[in-house]
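Note: the block below is run11.csv and it holds CSV, C-alpha atoms and all ligand atoms.
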chain,number,residue,atom,x,y,z
A,1,MET,CA,0.0,0.0,0.0
A,2,LYS,CA,1.2,3.5,-0.8
A,3,PHE,CA,0.5,6.7,1.1
A,4,PHE,CA,0.8,10.2,-0.3
A,5,LYS,CA,1.1,12.8,2.3
A,6,LYS,CA,0.5,16.5,1.8
A,7,PRO,CA,3.9,18.1,1.6
A,8,GLY,CA,3.1,20.5,4.4
A,9,ALA,CA,2.2,17.9,6.9
A,10,ASP,CA,5.1,15.7,5.7
A,11,LEU,CA,7.7,18.4,6.2
A,12,LYS,CA,6.3,19.5,9.5
A,13,ASP,CA,7.1,16.0,10.7
A,14,ARG,CA,10.6,16.1,9.3
A,15,VAL,CA,11.9,19.6,10.1
A,16,PRO,CA,12.8,20.0,13.8
A,17,PRO,CA,11.9,23.2,15.8
A,18,GLY,CA,13.7,26.3,14.7
A,19,GLN,CA,15.1,24.8,11.5
A,20,SER,CA,14.6,26.1,7.9
A,21,LEU,CA,15.0,24.1,4.7
A,22,THR,CA,17.8,24.6,2.3
A,23,ASN,CA,18.0,23.3,-1.2
A,24,GLY,CA,21.7,23.7,-1.5
A,25,PHE,CA,24.2,22.0,0.7
A,26,PRO,CA,26.1,24.6,2.7
A,27,VAL,CA,29.7,23.8,3.8
A,28,LEU,CA,30.3,24.2,7.5
A,29,THR,CA,33.8,23.8,8.7
A,30,TYR,CA,35.8,25.3,11.5
A,31,GLY,CA,39.1,26.1,9.8
A,32,ASP,CA,40.4,24.8,6.5
A,33,THR,CA,39.6,21.7,4.5
A,34,PRO,CA,42.5,19.3,5.1
A,35,PRO,CA,43.8,17.6,1.9
A,36,VAL,CA,43.4,13.9,2.3
A,37,SER,CA,43.9,11.4,-0.5
A,38,THR,CA,42.3,7.9,-0.5
A,39,GLU,CA,45.8,6.4,-0.5
A,40,ALA,CA,46.8,8.4,2.6
A,41,TRP,CA,43.5,8.0,4.4
A,42,GLN,CA,43.6,5.9,7.6
A,43,LEU,CA,41.2,5.2,10.4
A,44,LYS,CA,42.7,4.3,13.7
A,45,VAL,CA,40.8,2.6,16.5
A,46,TRP,CA,42.1,2.8,20.1
A,47,GLY,CA,41.2,3.2,23.8
A,48,CYS,CA,38.6,0.7,25.1
A,49,ALA,CA,39.2,-1.5,22.0
A,50,THR,CA,42.0,-3.4,20.5
A,51,ASP,CA,44.3,-1.1,18.5
A,52,GLN,CA,43.6,-1.3,14.8
A,53,THR,CA,44.2,0.7,11.7
A,54,PHE,CA,41.9,0.6,8.6
A,55,SER,CA,42.9,1.7,5.1
A,56,TRP,CA,40.7,2.9,2.3
A,57,ASN,CA,40.8,-0.6,0.8
A,58,ASP,CA,39.8,-2.2,4.1
A,59,MET,CA,36.7,0.1,4.1
A,60,MET,CA,35.8,-0.7,0.5
A,61,ALA,CA,36.0,-4.4,1.3
A,62,MET,CA,33.2,-4.1,3.9
A,63,PRO,CA,29.5,-4.3,2.9
A,64,GLN,CA,28.5,-1.1,1.1
A,65,SER,CA,25.1,0.5,1.8
A,66,GLU,CA,23.0,3.3,0.5
A,67,PHE,CA,21.4,5.9,2.8
A,68,THR,CA,18.9,8.7,2.4
A,69,ALA,CA,19.1,10.9,5.5
A,70,ASP,CA,18.0,14.3,6.7
A,71,PHE,CA,20.8,16.7,7.8
A,72,HIS,CA,20.2,19.3,10.5
A,73,CYS,CA,22.9,21.9,11.3
A,74,VAL,CA,22.6,23.7,14.6
A,75,THR,CA,23.0,27.0,12.8
A,76,THR,CA,19.3,26.3,11.8
A,77,TRP,CA,19.5,24.9,8.3
A,78,SER,CA,18.2,21.5,7.4
A,79,LYS,CA,18.7,19.6,4.2
A,80,LEU,CA,16.3,16.7,3.6
A,81,ASP,CA,16.9,13.5,1.6
A,82,VAL,CA,20.6,13.6,1.3
A,83,GLN,CA,21.8,10.5,-0.6
A,84,TRP,CA,25.0,8.8,0.6
A,85,THR,CA,26.9,5.6,0.0
A,86,GLY,CA,29.2,4.1,2.6
A,87,VAL,CA,29.7,1.6,5.4
A,88,LYS,CA,27.2,1.1,8.2
A,89,VAL,CA,28.6,1.7,11.7
A,90,THR,CA,27.0,-1.6,12.7
A,91,ASP,CA,28.9,-3.4,9.9
A,92,PHE,CA,32.1,-1.6,10.8
A,93,MET,CA,31.8,-2.6,14.4
A,94,GLU,CA,31.9,-6.3,13.5
A,95,GLN,CA,35.6,-5.7,12.4
A,96,ILE,CA,36.8,-4.4,15.8
A,97,GLU,CA,37.2,-5.8,19.3
A,98,LEU,CA,35.5,-3.5,21.7
A,99,LYS,CA,36.3,-3.9,25.4
A,100,LYS,CA,33.3,-4.4,27.8
A,101,SER,CA,34.3,-1.1,29.5
A,102,ALA,CA,33.5,1.0,26.4
A,103,THR,CA,30.6,3.4,27.0
A,104,HIS,CA,31.6,6.4,24.8
A,105,VAL,CA,33.5,7.3,21.7
A,106,MET,CA,35.4,10.4,20.6
A,107,LEU,CA,35.5,10.8,16.8
A,108,HIS,CA,38.9,12.3,15.6
A,109,CYS,CA,39.5,14.0,12.3
A,110,TYR,CA,42.3,15.2,10.0
A,111,GLY,CA,42.6,18.9,11.0
A,112,SER,CA,42.1,17.9,14.7
A,113,TYR,CA,38.3,18.4,15.0
A,114,THR,CA,36.7,16.1,17.5
A,115,THR,CA,33.2,15.3,18.6
A,116,ASN,CA,31.8,13.0,21.3
A,117,LEU,CA,29.1,10.4,21.3
A,118,THR,CA,27.8,7.8,23.7
A,119,LEU,CA,28.3,4.3,22.3
A,120,GLU,CA,24.5,4.0,22.1
A,121,ASP,CA,24.3,7.1,19.9
A,122,PHE,CA,27.2,5.9,17.7
A,123,VAL,CA,26.3,2.3,17.1
A,124,ARG,CA,22.9,2.7,15.4
A,125,PRO,CA,21.8,1.0,12.2
A,126,GLU,CA,21.2,4.4,10.5
A,127,ASN,CA,24.7,5.8,11.2
A,128,PHE,CA,27.5,5.3,8.6
A,129,PHE,CA,30.9,6.2,7.2
A,130,ALA,CA,30.2,8.0,3.9
A,131,HIS,CA,32.5,8.2,0.9
A,132,THR,CA,29.9,9.0,-1.8
A,133,LEU,CA,27.4,11.9,-1.9
A,134,PHE,CA,24.6,11.9,-4.6
A,135,GLY,CA,26.5,9.3,-6.6
A,136,GLU,CA,29.8,11.2,-6.7
A,137,PRO,CA,32.9,10.9,-4.6
A,138,LEU,CA,32.4,12.9,-1.4
A,139,PRO,CA,33.8,16.3,-2.2
A,140,PRO,CA,36.7,17.4,0.1
A,141,ASP,CA,34.7,20.4,1.6
A,142,HIS,CA,32.0,17.9,2.7
A,143,GLY,CA,34.5,15.7,4.4
A,144,GLY,CA,35.9,13.6,1.5
A,145,PRO,CA,37.3,11.1,1.2
A,146,MET,CA,35.5,9.8,4.3
A,147,ARG,CA,33.2,11.2,7.0
A,148,VAL,CA,30.8,9.9,9.6
A,149,VAL,CA,27.1,10.7,9.3
A,150,VAL,CA,24.9,10.5,12.4
A,151,PRO,CA,21.5,11.6,11.1
A,152,HIS,CA,19.6,11.6,14.5
A,153,LEU,CA,21.8,14.3,16.0
A,154,TYR,CA,22.8,17.8,14.9
A,155,ALA,CA,25.3,17.7,12.1
A,156,TRP,CA,28.3,18.8,14.1
A,157,LYS,CA,28.4,15.1,15.3
A,158,SER,CA,28.9,14.1,11.7
A,159,ALA,CA,32.7,14.2,11.7
A,160,LYS,CA,34.3,15.1,8.3
A,161,TRP,CA,37.7,13.7,7.4
A,162,VAL,CA,37.4,11.1,10.2
A,163,ASN,CA,40.6,9.4,11.1
A,164,GLY,CA,40.1,8.0,14.6
A,165,LEU,CA,37.7,6.3,16.9
A,166,GLU,CA,38.8,6.6,20.5
A,167,PHE,CA,36.6,4.4,22.6
A,168,LEU,CA,36.2,5.6,26.2
A,169,ASN,CA,34.9,4.3,29.5
A,170,HIS,CA,33.6,7.8,30.5
A,171,GLU,CA,32.3,10.9,28.7
A,172,GLU,CA,34.7,13.4,27.3
A,173,LEU,CA,33.7,16.5,25.3
A,174,GLY,CA,34.7,17.2,21.7
A,175,PHE,CA,35.5,20.5,20.1
A,176,TRP,CA,32.1,22.2,19.9
A,177,GLU,CA,30.9,20.5,23.0
A,178,ARG,CA,33.8,22.2,25.0
A,179,ASN,CA,32.8,25.4,23.3
A,180,GLY,CA,29.2,25.6,24.4
A,181,TYR,CA,27.3,23.2,22.3
A,182,HIS,CA,25.2,20.5,23.9
A,183,ARG,CA,26.9,17.2,24.8
A,184,ARG,CA,24.3,15.2,22.9
A,185,GLY,CA,22.6,17.5,20.3
A,186,GLU,CA,19.3,16.0,19.6
A,187,PRO,CA,17.4,18.3,17.1
A,188,TRP,CA,13.9,17.3,18.1
A,189,ALA,CA,14.7,18.1,21.7
A,190,VAL,CA,16.4,21.3,20.5
A,191,GLU,CA,19.6,20.4,22.3
A,192,ARG,CA,21.7,23.2,20.8
A,193,TYR,CA,23.7,24.6,23.7
A,194,ALA,CA,25.1,23.3,27.0
A,195,GLY,CA,23.0,23.9,30.1
A,196,ARG,CA,19.9,25.1,28.2
B,1,LIG,N1,36.2,17.6,10.8
B,1,LIG,C1,35.1,18.4,10.9
B,1,LIG,N2,33.9,17.8,10.8
B,1,LIG,C2,32.8,18.6,10.9
B,1,LIG,C3,32.9,20.0,11.1
B,1,LIG,C4,34.2,20.6,11.1
B,1,LIG,O1,34.4,21.8,11.2
B,1,LIG,N3,35.3,19.7,11.0
B,1,LIG,N4,31.8,20.8,11.1
B,1,LIG,C5,30.5,20.1,11.6
B,1,LIG,C6,29.3,20.9,11.4
B,1,LIG,S1,29.1,22.2,12.5
B,1,LIG,C7,28.4,20.6,10.4
B,1,LIG,S2,26.9,21.5,10.3
B,1,LIG,C8,28.7,19.6,9.4
B,1,LIG,C9,28.6,20.3,8.1
B,1,LIG,O2,28.8,19.3,7.0
B,1,LIG,P1,28.9,19.9,5.6
B,1,LIG,O3,30.0,20.9,5.5
B,1,LIG,O4,29.2,18.7,4.7
B,1,LIG,O5,27.6,20.6,5.3
B,1,LIG,O6,30.0,19.0,9.6
B,1,LIG,C10,30.4,18.8,10.9
B,1,LIG,N5,31.6,18.0,10.8
B,2,MO,MO,26.8,22.8,12.1
Take the structure I supplied and represent it as structure tokens, if you would.
Amino acid sequence: MKFFKKPGADLKDRVPPGQSLTNGFPVLTYGDTPPVSTEAWQLKVWGCATDQTFSWNDMMAMPQSEFTADFHCVTTWSKLDVQWTGVKVTDFMEQIELKKSATHVMLHCYGSYTTNLTLEDFVRPENFFAHTLFGEPLPPDHGGPMRVVVPHLYAWKSAKWVNGLEFLNHEELGFWERNGYHRRGEPWAVERYAGR
């Protein structure tokens, strides 16, 4: 059976409070785009997990999935139906050995950006490592060659140029979280700023 919803009602369900829709795809980076080739790209895993390093080819050998996800930036723009290709976080997690003590993860990036997540928010079936955007290689400004996308939280959690997963047994704060953003950042709960 197929349902056709009125666009108005449909969008109201999909655009969190205080957000406006954009047709373009703005670039939001603190600092410059770091140049990272697929040959040089590496993803390190450490902390409350066995140390491991993944290459580009390692990622390409994992199951590849397609995703359509909405993207909500805390600066109030939202882009609906962004199409990506990449590796599910849940598929990636099968390649690593997590210690029982792991409760949180810090995402590290080329260029030294960081952002924190609970393990629960990170390991969800709709989260992924993205290398393709609308059928094209992920452009450098959007985090190419590889970024994380966490659709259920504000987009500052979607680390561009990801190069490290540091598993932790406690919460630590990433770059924006130390600078006033909310530790979790759930758009439907309007978790924009710390302590508000
Ligand atoms: N490494 C890195 N990742 C980052 C950022 C950044 O500055 N550096 N900005 C974040 C913010 S605030 C947003 S809104 C999204 C923007 O992604 P886009 O530039 O592809 O739109 O990336 C997030 N990931
Ligand atoms: Mo953002």
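Going from atom CA of Glu97 of chain A to atom CA of Thr50 of chain A covers 5.5 Å.
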Please check which residues have atoms at most 10 Å from (26.7, 14.4, 8.6) in the file's coordinates, counting all atoms listed in the file, and write them as a ChimeraX atom specification.
/A:69-73,82,84,127-130,142-143,147-160
Step by step: start from the point (16.2, 6.9, -0.4) in the file's coordinates, keep every protein, DNA or RNA residue that has an atom no farther than 7 Å from it, count only C-alpha atoms, and write the set as a ChimeraX atom specification.
/A:67-68,81,83
Only C-alpha atoms, please: the residues just picked out, written as a short mmCIF file (atom, residue, chain, number, x, y, z; two decimals), in the frame of the given file.
data_model
loop_
_atom_site.label_atom_id
_atom_site.label_comp_id
_atom_site.auth_asym_id
_atom_site.auth_seq_id
_atom_site.Cartn_x
_atom_site.Cartn_y
_atom_site.Cartn_z
CA PHE A 67 21.40 5.90 2.80
CA THR A 68 18.90 8.70 2.40
CA ASP A 81 16.90 13.50 1.60
CA GLN A 83 21.80 10.50 -0.60
#
Surrounding residues of Gly86 of chain A excluding itself and chain neighbours under 6 positions, 12 Å, all atoms listed in the file, as a ChimeraX atom specification
/A:56,59-68,92,126-138,144-149
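Across the model, the gap from atom CA of Leu21 of chain A to atom CA of Val87 of chain A is 26.9 Å.
Going from atom CA of Asn116 of chain A over to atom CA of Asn57 of chain A, you cover 26.2 Å.
The closest residue to ligand LIG 1 (chain B), picked from A:Ser37, A:Thr103, A:Thr76, A:Ser55 and counting all atoms listed in the file, is A:Thr76.
Nearest residue to Asp121 of chain A among A:His170, A:Gly185, A:Leu98, A:Cys109 is A:Gly185, counting all atoms listed in the file.
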If you count only C-alpha atoms, which residues fall within 10 Å of Ser101 of chain A, apart from same-chain ones fewer than 2 positions away, as a list in words?
Gly47, Cys48, Ala49, Leu98, Lys99, Thr103, His104, Phe167, Leu168, Asn169 and His170 of chain A
Using only C-alpha atoms, determine which residues lie at most 12 Å from Asp32 of chain A, disregarding the query and same-chain residues fewer than 6 positions distant; provide the list as a PyMOL selection string.
chain A and resi 110-113+140-143+160-161
Please produce an output containing C-alpha atoms for each residue in the selection, written as an mmCIF file, in the coordinates of the input.
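Contents of out00.cif, freshly written:
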data_model
loop_
_atom_site.group_PDB
_atom_site.id
_atom_site.type_symbol
_atom_site.label_atom_id
_atom_site.label_comp_id
_atom_site.auth_asym_id
_atom_site.auth_seq_id
_atom_site.Cartn_x
_atom_site.Cartn_y
_atom_site.Cartn_z
ATOM 1 C CA TYR A 110 42.300 15.200 10.000
ATOM 2 C CA GLY A 111 42.600 18.900 11.000
ATOM 3 C CA SER A 112 42.100 17.900 14.700
ATOM 4 C CA TYR A 113 38.300 18.400 15.000
ATOM 5 C CA PRO A 140 36.700 17.400 0.100
ATOM 6 C CA ASP A 141 34.700 20.400 1.600
ATOM 7 C CA HIS A 142 32.000 17.900 2.700
ATOM 8 C CA GLY A 143 34.500 15.700 4.400
ATOM 9 C CA LYS A 160 34.300 15.100 8.300
ATOM 10 C CA TRP A 161 37.700 13.700 7.400
#
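When all atoms listed in the file are used to measure the gap to ligand LIG 1 (chain B), the shortest distance among A:Thr29, A:Gln52, A:Thr85, A:Thr75 belongs to A:Thr29.
Residue nearest Arg124 of chain A, chosen from A:Asp91, A:Asn23, A:Phe175, A:Lys79 and counting only C-alpha atoms: A:Asp91.
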Quick one: residues within 9 Å of Gly164 of chain A, all atoms listed in the file, excluding same-chain residues fewer than 6 positions away - as a ChimeraX atom specification?
/A:42-46,53,106-110
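Ranking A:Asp13, A:Glu166, A:Glu120, A:Lys88 by their shortest atom-to-atom distance to Asp51 of chain A, with only C-alpha atoms included, puts A:Glu166 first.
Using all atoms listed in the file, the nearest neighbour of Val74 of chain A within the list A:Val123, A:Gly195, A:Pro187, A:Pro35 is A:Pro187.
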